[in-house]
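*Asks:* If you scroll down you'll find the structure; I have some questions about it.
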Amino acid sequence: MSITDIATGPSAVDRFFQQLGAAPVILAVALIIYPLIVPGFFTFQIGGQILILGMIGLSLMVLAGYGGMVSLAQLTVAGIAGYGLAIFGINSVGIMGFGWPWWIAAPMAIALAATAAALIGLISVRTSGIYTIMITLAIATAFYYFVNQNYTLFNGFSGYRGIQPPTLFGLYWRDPLPFYYLCLASAALAYGLVLYGARSSFGLALQATRDNPRRMRAIGYNVTAIKVFAYFLAGLIAGTAGVLYVWFNGRISPGTISVAESIGILVIAVIGGLRHPIGPFLGAAVYVLMKTFAIDLIGAERFNTLIGLVFLAIVFISPDGILGLWQRLKPHLAPTSLRPHHEGRD
Amino acid sequence: MNASQAGTQQGVTARQAWALIGLLAAAALVWLFLAVWPEGLVSWMGPKKTFVNAIFNGVTVAGLYFLVASGFTLVFGLMRNVNLAHGSLYLLGAYIGYSAANWTGYWLIGIAAGMLSMAIVGVLLQYFVFRKLEGDDLRQTLVTIGISIVAADLMLAVWGGNTYQFSVPEWLDGAISTPIITAIKSNGDAVYMKYPFYRLMVFVAAVVIGIGLWLILNRTRVGMMIQAGVDDRNMLAASGVNVQLVFAVVFAIGAGLAGFAGVVGGSVLSVAPGEDVRYLLASLVVVIVGGMGSVTGAAVGALLVGLAEQIGLVYFPTYGVVLTFIIMVIVLAIRPQGLMGAAR
């Protein structure tokens, strides 16, 4: 920034940072230096997992928050990308495994997942509201049973092992540091795209469809196409996360996409808050930290009871998740008139 | 020519065509059941016994699915809330029934315990959870999801990961001969098919309960209120009926049926963690296919899903689920409100 800039008013970059405020910048810096100050376990096992699950939660948030469609099949979409990667690329099981290089296999897997997501959307937009949950849950459950039974395509119960991320630029991308930054970059990209997309004309049309589909139809929008396209976009995010998740685990099996795990994604998104894209990442942080450290508190076996109770508490106390709690603690951040759900619900 | 057109307008010719197709299919089915299969058919579809067994099993399973799903669909129809903890009610009923039967030694006490305990749980759920969140579909559904997570985990804590097997009392045990000839022996004697008596009784029980439900809904005052509530809840409340009480009754019936099905189903198959999800999926598909809020729809849906599942299991084992799934997709494509559902 040179001094002459001040005379001509703030530049575009300046205005951007002014609008942004300090908090996101601090957060971004913290996330970037985070792996440099914590041990590798926190970088890979916790940091990576939070970002991946946060991305899958983000794909649910896009559908639920902007589209009003609570889909329980987002982990299924991620799982389709994971299975796609195992089938297109290299695995150590000896079933399928076309052996395509990663730069073909990974994009193909993501494209496959997004296509599957659009198909799921096409099925579930036939109905609306609470039915979406039921239909997507049925799809997720059916897919889980299917991969569990089917050995020719999905290798049944044991699934695929030995799926490796590439070694590129002299880095093995499953090492904690590169993998963390890979996840961070993907998550930041997805987050930025969602923020941008929400204010694009498509994002506005999607939100308008959520609020009043009949009116949107009346003024000439193709409501079905808007919703299905939203599923497709969310599928791109979930698919990307699915590829990362397989690299993270090194394997994929029906257990990864079981019904409990699918519901876990909903838990993550709801705990964090469905109103803003940052919510799912917050929720994922709570979820992963609790999953990792609840062992010390209550024993590993009862994690589900704990997370279930936290989830119930959030649903009862603060329907907008942690974000909602935060906004209630900081009343000046959100005027009461914008929060219609809070009267007399405690 | 598709079904949605046939169903709605200028029906006569289309309806006749469908009736003809239906009659032909029924005739073919009767023939498949009664005739001794010729060689060609056996080499194509396997022995007749396999086929008839699959159909019988499908119908038995359909009976179970109907018991679980009818409660689910009733609760949905009346209260517009999706109780995703319904599978947990099934499994909890089964566990409690098993423990009670094991403790007392009487299977029937197990049935009563499973049914009554779940009816009570249902009323408690309605009173403490759903009434608090009335009118907020999404939150009610989320709460039921939370409950099912906690319930599954606590059941795992109490009953462990083992698979339990009920022993059915003697008067229900054993196999009976059916008048269906599966094969002819070389000496000319006919081989009649045997089928477990208990499984037949499960189906009979489902039919009896189905008819009972239908009678309650269509012939009694409470049933009238429930039906009225399904159509227009506010109007029912406005005409002076204590809607909350009706809700509680329906919830008790629905949850009690799930518990009953748990014990009965646990005796056919087994009781193990994960069964809750299986029956939840079955209930979901059954009511999506049959139409939400319709008991008749639940019966039709259960029959379709049960048969599809068992036939799939026998004839294309690794793609069995896909068949169920395809049925759901086809119904959603043609009639999004379900086969018997009212248009929304």
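Order determines the names: the first chain of the structure tokens is A, the second B, and so forth; residues in each chain are numbered 1 upward, and ligands are numbered 1 upward as they are shown.
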Show which residues sit within 6 Å of segment 91-107 of chain B, as a VMD selection string. Count only C-alpha atoms, and ignore same-chain residues fewer than 4 positions away.
*Replies:* chain B and resid 111 113 to 114 118 259 262 to 263 276
*Asks:* Restricting it to C-alpha atoms, dump the selection as a compact mmCIF listing (two decimals), in the first residue's frame.
*Replies:*
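Okay, this is what ended up in part_28.txt:
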# COMPACT_ATOMS: atom_id res chain seq x y z
CA ILE B 111 -44.99 -60.39 24.20
CA ALA B 113 -43.99 -56.92 28.30
CA GLY B 114 -42.55 -55.81 24.97
CA MET B 118 -43.21 -49.67 24.39
CA GLY B 259 -42.78 -53.46 20.60
CA GLY B 262 -40.09 -56.67 18.16
CA VAL B 263 -40.90 -59.73 20.24
CA ASP B 276 -33.35 -51.15 14.70
*Asks:* Residues of chain B were defined as contacting chain A if any atom lay at most 8 Å from it, counting only C-alpha atoms; please report them as a PyMOL selection string.
*Replies:* chain B and resi 82+137-139+141-143+145-147+149-151+153-154+157+277+281+284-285+288+317-322+325+329+332-333+336-337
*Asks:* I need the chosen residues saved as a PDB file, in the first residue's frame, with C-alpha atoms.
*Replies:*
ATOM      1  CA  VAL B  82     -41.425 -38.567  11.471  1.00  0.00           C
ATOM      2  CA  ASP B 137     -41.393 -30.763  12.119  1.00  0.00           C
ATOM      3  CA  LEU B 138     -37.689 -30.534  11.612  1.00  0.00           C
ATOM      4  CA  ARG B 139     -36.816 -30.245  15.290  1.00  0.00           C
ATOM      5  CA  THR B 141     -37.420 -35.259  13.639  1.00  0.00           C
ATOM      6  CA  LEU B 142     -33.981 -34.216  14.824  1.00  0.00           C
ATOM      7  CA  VAL B 143     -34.970 -35.059  18.386  1.00  0.00           C
ATOM      8  CA  ILE B 145     -32.723 -38.988  15.621  1.00  0.00           C
ATOM      9  CA  GLY B 146     -30.949 -37.962  18.824  1.00  0.00           C
ATOM     10  CA  ILE B 147     -33.088 -40.355  20.831  1.00  0.00           C
ATOM     11  CA  ILE B 149     -28.581 -42.558  18.762  1.00  0.00           C
ATOM     12  CA  VAL B 150     -28.713 -42.590  22.565  1.00  0.00           C
ATOM     13  CA  ALA B 151     -31.135 -45.518  22.675  1.00  0.00           C
ATOM     14  CA  ASP B 153     -25.946 -46.988  22.484  1.00  0.00           C
ATOM     15  CA  LEU B 154     -27.664 -47.655  25.807  1.00  0.00           C
ATOM     16  CA  ALA B 157     -24.551 -51.118  27.006  1.00  0.00           C
ATOM     17  CA  VAL B 277     -31.857 -49.679  11.537  1.00  0.00           C
ATOM     18  CA  LEU B 281     -35.408 -48.658   6.754  1.00  0.00           C
ATOM     19  CA  LEU B 284     -39.436 -45.784   5.770  1.00  0.00           C
ATOM     20  CA  VAL B 285     -39.655 -47.605   2.467  1.00  0.00           C
ATOM     21  CA  ILE B 288     -42.936 -44.027   1.229  1.00  0.00           C
ATOM     22  CA  PRO B 317     -28.470 -62.302  -3.361  1.00  0.00           C
ATOM     23  CA  THR B 318     -25.951 -59.525  -3.762  1.00  0.00           C
ATOM     24  CA  TYR B 319     -28.401 -57.142  -5.416  1.00  0.00           C
ATOM     25  CA  GLY B 320     -31.401 -57.820  -3.185  1.00  0.00           C
ATOM     26  CA  VAL B 321     -31.511 -54.367  -1.612  1.00  0.00           C
ATOM     27  CA  VAL B 322     -31.463 -52.774  -5.033  1.00  0.00           C
ATOM     28  CA  PHE B 325     -34.772 -49.483  -3.669  1.00  0.00           C
ATOM     29  CA  VAL B 329     -37.835 -44.977  -6.809  1.00  0.00           C
ATOM     30  CA  LEU B 332     -41.732 -41.859  -6.126  1.00  0.00           C
ATOM     31  CA  ALA B 333     -41.441 -41.222  -9.844  1.00  0.00           C
ATOM     32  CA  PRO B 336     -44.776 -39.154  -5.123  1.00  0.00           C
ATOM     33  CA  GLN B 337     -47.457 -39.309  -2.440  1.00  0.00           C
TER      34      GLN B 337
END
*Asks:* Which residues of segment 59-148 of chain A have any atom within 9 Å of an atom in segment 179-201 of chain A when counting only C-alpha atoms, and what is the closest pair of atoms for each, with the distance in Å to one decimal? Order the rows by chain and rising number and write it as CSV.
*Replies:*
residue,atom,partner,partner_atom,distance
A:Ser59,CA,A:Ala190,CA,9.0
A:Val62,CA,A:Val194,CA,7.4
A:Tyr66,CA,A:Ala198,CA,7.5
*Asks:* Keeping only all heavy atoms, take the residues you just selected and write them out as an mmCIF file, in the first residue's frame.
*Replies:*
data_model
loop_
_atom_site.group_PDB
_atom_site.id
_atom_site.type_symbol
_atom_site.label_atom_id
_atom_site.label_comp_id
_atom_site.auth_asym_id
_atom_site.auth_seq_id
_atom_site.Cartn_x
_atom_site.Cartn_y
_atom_site.Cartn_z
ATOM 1 N N SER A 59 -21.478 -29.603 2.925
ATOM 2 C CA SER A 59 -22.338 -29.955 1.794
ATOM 3 C C SER A 59 -23.782 -30.150 2.262
ATOM 4 O O SER A 59 -24.723 -29.841 1.535
ATOM 5 C CB SER A 59 -21.818 -31.219 1.106
ATOM 6 O OG SER A 59 -22.186 -32.375 1.812
ATOM 7 N N VAL A 62 -25.190 -26.602 2.894
ATOM 8 C CA VAL A 62 -25.608 -25.933 1.660
ATOM 9 C C VAL A 62 -27.042 -26.321 1.312
ATOM 10 O O VAL A 62 -27.891 -25.476 1.025
ATOM 11 C CB VAL A 62 -24.657 -26.292 0.504
ATOM 12 C CG1 VAL A 62 -25.222 -25.845 -0.827
ATOM 13 C CG2 VAL A 62 -23.297 -25.686 0.741
ATOM 14 N N TYR A 66 -29.427 -23.323 2.722
ATOM 15 C CA TYR A 66 -29.842 -22.477 1.596
ATOM 16 C C TYR A 66 -31.018 -23.085 0.843
ATOM 17 O O TYR A 66 -31.785 -22.364 0.231
ATOM 18 C CB TYR A 66 -28.675 -22.263 0.640
ATOM 19 C CG TYR A 66 -27.509 -21.537 1.262
ATOM 20 C CD1 TYR A 66 -26.213 -22.008 1.139
ATOM 21 C CD2 TYR A 66 -27.713 -20.367 1.996
ATOM 22 C CE1 TYR A 66 -25.145 -21.343 1.720
ATOM 23 C CE2 TYR A 66 -26.657 -19.697 2.583
ATOM 24 C CZ TYR A 66 -25.384 -20.197 2.436
ATOM 25 O OH TYR A 66 -24.338 -19.550 3.025
#
*Asks:* One number please: atom CA of Gly82 of chain A to atom CA of Asp175 of chain A, in Å, one decimal.
*Replies:*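 Taking atom CA of Gly82 of chain A as the start and atom CA of Asp175 of chain A as the end point, the length is 19.3 Å.
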*Asks:* Excluding segment 295-299 of chain B and its own-chain neighbours fewer than 4 positions away, which residues fall within 9 Å of it when counting only C-alpha atoms? Please give them as a PDB file with N, CA, C and O atoms, in the first residue's frame.
*Replies:*
ATOM      1  N   ALA B  62     -43.328 -59.507   5.406  1.00  0.00           N
ATOM      2  CA  ALA B  62     -44.253 -58.399   5.139  1.00  0.00           C
ATOM      3  C   ALA B  62     -45.162 -58.178   6.336  1.00  0.00           C
ATOM      4  O   ALA B  62     -45.462 -57.033   6.697  1.00  0.00           O
ATOM      5  N   GLY B  63     -45.593 -59.285   6.960  1.00  0.00           N
ATOM      6  CA  GLY B  63     -46.424 -59.154   8.151  1.00  0.00           C
ATOM      7  C   GLY B  63     -45.716 -58.366   9.241  1.00  0.00           C
ATOM      8  O   GLY B  63     -46.284 -57.450   9.844  1.00  0.00           O
ATOM      9  N   TYR B  65     -43.157 -56.287   8.834  1.00  0.00           N
ATOM     10  CA  TYR B  65     -42.975 -54.905   8.385  1.00  0.00           C
ATOM     11  C   TYR B  65     -44.268 -54.117   8.539  1.00  0.00           C
ATOM     12  O   TYR B  65     -44.254 -52.944   8.912  1.00  0.00           O
ATOM     13  N   PHE B  66     -45.370 -54.783   8.261  1.00  0.00           N
ATOM     14  CA  PHE B  66     -46.647 -54.087   8.400  1.00  0.00           C
ATOM     15  C   PHE B  66     -46.869 -53.672   9.851  1.00  0.00           C
ATOM     16  O   PHE B  66     -47.280 -52.551  10.136  1.00  0.00           O
ATOM     17  N   LEU B  67     -46.590 -54.607  10.782  1.00  0.00           N
ATOM     18  CA  LEU B  67     -46.797 -54.292  12.199  1.00  0.00           C
ATOM     19  C   LEU B  67     -45.976 -53.067  12.602  1.00  0.00           C
ATOM     20  O   LEU B  67     -46.452 -52.180  13.310  1.00  0.00           O
ATOM     21  N   ALA B  69     -44.544 -50.770  10.501  1.00  0.00           N
ATOM     22  CA  ALA B  69     -44.790 -49.582   9.696  1.00  0.00           C
ATOM     23  C   ALA B  69     -46.168 -48.980   9.934  1.00  0.00           C
ATOM     24  O   ALA B  69     -46.347 -47.774   9.766  1.00  0.00           O
ATOM     25  N   SER B  70     -47.145 -49.804  10.332  1.00  0.00           N
ATOM     26  CA  SER B  70     -48.480 -49.230  10.517  1.00  0.00           C
ATOM     27  C   SER B  70     -48.466 -48.215  11.659  1.00  0.00           C
ATOM     28  O   SER B  70     -49.109 -47.165  11.566  1.00  0.00           O
ATOM     29  N   GLY B  71     -47.716 -48.519  12.725  1.00  0.00           N
ATOM     30  CA  GLY B  71     -47.591 -47.548  13.802  1.00  0.00           C
ATOM     31  C   GLY B  71     -46.896 -46.283  13.333  1.00  0.00           C
ATOM     32  O   GLY B  71     -47.337 -45.169  13.606  1.00  0.00           O
ATOM     33  N   THR B  73     -46.726 -45.082  10.320  1.00  0.00           N
ATOM     34  CA  THR B  73     -47.521 -44.299   9.377  1.00  0.00           C
ATOM     35  C   THR B  73     -48.681 -43.602  10.084  1.00  0.00           C
ATOM     36  O   THR B  73     -49.033 -42.470   9.764  1.00  0.00           O
ATOM     37  N   LEU B  74     -49.248 -44.266  11.101  1.00  0.00           N
ATOM     38  CA  LEU B  74     -50.335 -43.639  11.854  1.00  0.00           C
ATOM     39  C   LEU B  74     -49.842 -42.395  12.576  1.00  0.00           C
ATOM     40  O   LEU B  74     -50.462 -41.332  12.515  1.00  0.00           O
ATOM     41  N   GLY B 210     -54.090 -56.094  11.455  1.00  0.00           N
ATOM     42  CA  GLY B 210     -54.424 -55.140  10.397  1.00  0.00           C
ATOM     43  C   GLY B 210     -55.923 -54.909  10.315  1.00  0.00           C
ATOM     44  O   GLY B 210     -56.383 -53.770  10.251  1.00  0.00           O
ATOM     45  N   LEU B 213     -57.023 -52.944  13.316  1.00  0.00           N
ATOM     46  CA  LEU B 213     -56.707 -51.515  13.160  1.00  0.00           C
ATOM     47  C   LEU B 213     -57.722 -50.850  12.249  1.00  0.00           C
ATOM     48  O   LEU B 213     -58.216 -49.748  12.527  1.00  0.00           O
ATOM     49  N   TRP B 214     -58.023 -51.558  11.154  1.00  0.00           N
ATOM     50  CA  TRP B 214     -58.965 -50.989  10.184  1.00  0.00           C
ATOM     51  C   TRP B 214     -60.317 -50.776  10.856  1.00  0.00           C
ATOM     52  O   TRP B 214     -60.953 -49.731  10.679  1.00  0.00           O
ATOM     53  N   SER B 283     -39.590 -49.596   7.545  1.00  0.00           N
ATOM     54  CA  SER B 283     -40.736 -48.715   7.784  1.00  0.00           C
ATOM     55  C   SER B 283     -40.723 -47.534   6.828  1.00  0.00           C
ATOM     56  O   SER B 283     -41.756 -47.161   6.279  1.00  0.00           O
ATOM     57  N   VAL B 286     -41.609 -48.717   3.375  1.00  0.00           N
ATOM     58  CA  VAL B 286     -43.006 -49.142   3.337  1.00  0.00           C
ATOM     59  C   VAL B 286     -43.933 -47.926   3.304  1.00  0.00           C
ATOM     60  O   VAL B 286     -44.866 -47.871   2.491  1.00  0.00           O
ATOM     61  N   VAL B 287     -43.685 -46.931   4.137  1.00  0.00           N
ATOM     62  CA  VAL B 287     -44.622 -45.799   4.126  1.00  0.00           C
ATOM     63  C   VAL B 287     -44.382 -44.882   2.932  1.00  0.00           C
ATOM     64  O   VAL B 287     -45.322 -44.249   2.449  1.00  0.00           O
ATOM     65  N   ILE B 288     -43.148 -44.824   2.436  1.00  0.00           N
ATOM     66  CA  ILE B 288     -42.936 -44.027   1.229  1.00  0.00           C
ATOM     67  C   ILE B 288     -43.677 -44.678   0.055  1.00  0.00           C
ATOM     68  O   ILE B 288     -44.335 -44.011  -0.735  1.00  0.00           O
ATOM     69  N   VAL B 289     -43.573 -46.013  -0.019  1.00  0.00           N
ATOM     70  CA  VAL B 289     -44.240 -46.732  -1.104  1.00  0.00           C
ATOM     71  C   VAL B 289     -45.750 -46.716  -0.908  1.00  0.00           C
ATOM     72  O   VAL B 289     -46.514 -46.427  -1.822  1.00  0.00           O
ATOM     73  N   GLY B 290     -46.187 -47.004   0.314  1.00  0.00           N
ATOM     74  CA  GLY B 290     -47.619 -47.169   0.538  1.00  0.00           C
ATOM     75  C   GLY B 290     -48.371 -45.863   0.656  1.00  0.00           C
ATOM     76  O   GLY B 290     -49.568 -45.804   0.401  1.00  0.00           O
ATOM     77  N   GLY B 291     -47.687 -44.814   1.051  1.00  0.00           N
ATOM     78  CA  GLY B 291     -48.368 -43.538   1.270  1.00  0.00           C
ATOM     79  C   GLY B 291     -48.435 -43.248   2.754  1.00  0.00           C
ATOM     80  O   GLY B 291     -48.832 -44.098   3.535  1.00  0.00           O
ATOM     81  N   LEU B 303     -46.207 -55.596   1.870  1.00  0.00           N
ATOM     82  CA  LEU B 303     -46.241 -56.785   1.020  1.00  0.00           C
ATOM     83  C   LEU B 303     -45.218 -56.669  -0.111  1.00  0.00           C
ATOM     84  O   LEU B 303     -44.440 -57.593  -0.372  1.00  0.00           O
ATOM     85  N   LEU B 304     -45.213 -55.496  -0.762  1.00  0.00           N
ATOM     86  CA  LEU B 304     -44.271 -55.281  -1.860  1.00  0.00           C
ATOM     87  C   LEU B 304     -42.833 -55.394  -1.369  1.00  0.00           C
ATOM     88  O   LEU B 304     -42.010 -56.102  -1.963  1.00  0.00           O
ATOM     89  N   GLY B 338     -47.146 -41.711  -2.722  1.00  0.00           N
ATOM     90  CA  GLY B 338     -47.294 -43.106  -2.334  1.00  0.00           C
ATOM     91  C   GLY B 338     -48.528 -43.715  -2.954  1.00  0.00           C
ATOM     92  O   GLY B 338     -49.449 -43.008  -3.383  1.00  0.00           O
ATOM     93  N   LEU B 339     -48.559 -45.052  -2.993  1.00  0.00           N
ATOM     94  CA  LEU B 339     -49.639 -45.735  -3.706  1.00  0.00           C
ATOM     95  C   LEU B 339     -51.013 -45.375  -3.158  1.00  0.00           C
ATOM     96  O   LEU B 339     -51.957 -45.146  -3.908  1.00  0.00           O
ATOM     97  N   MET B 340     -51.137 -45.337  -1.828  1.00  0.00           N
ATOM     98  CA  MET B 340     -52.448 -45.073  -1.228  1.00  0.00           C
ATOM     99  C   MET B 340     -52.500 -43.694  -0.576  1.00  0.00           C
ATOM    100  O   MET B 340     -53.455 -43.375   0.116  1.00  0.00           O
ATOM    101  N   GLY B 341     -51.455 -42.908  -0.727  1.00  0.00           N
ATOM    102  CA  GLY B 341     -51.405 -41.626  -0.035  1.00  0.00           C
ATOM    103  C   GLY B 341     -52.326 -40.607  -0.674  1.00  0.00           C
ATOM    104  O   GLY B 341     -52.555 -40.630  -1.878  1.00  0.00           O
TER     105      GLY B 341
END
*Asks:* Taking only C-alpha atoms into account, name the residue in B:Thr144, B:Asn162, B:Ser239, B:Ser177 that is nearest to Tyr192 of chain B.
*Replies:* B:Ser177
*Asks:* So, counting only C-alpha atoms, which residue among B:Ile327, B:Val305, B:Leu29, B:Val268 is closest to Leu172 of chain B?
*Replies:*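 Of the candidates, the smallest distance to Leu172 of chain B is held by B:Val268.
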*Asks:* Go ahead and compute the interatomic distance for atom CA of Met201 of chain B and atom CA of Gly274 of chain B, in Å to one decimal.
*Replies:*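 Answer for the atom CA of Met201 of chain B to atom CA of Gly274 of chain B separation: 25.1 Å.
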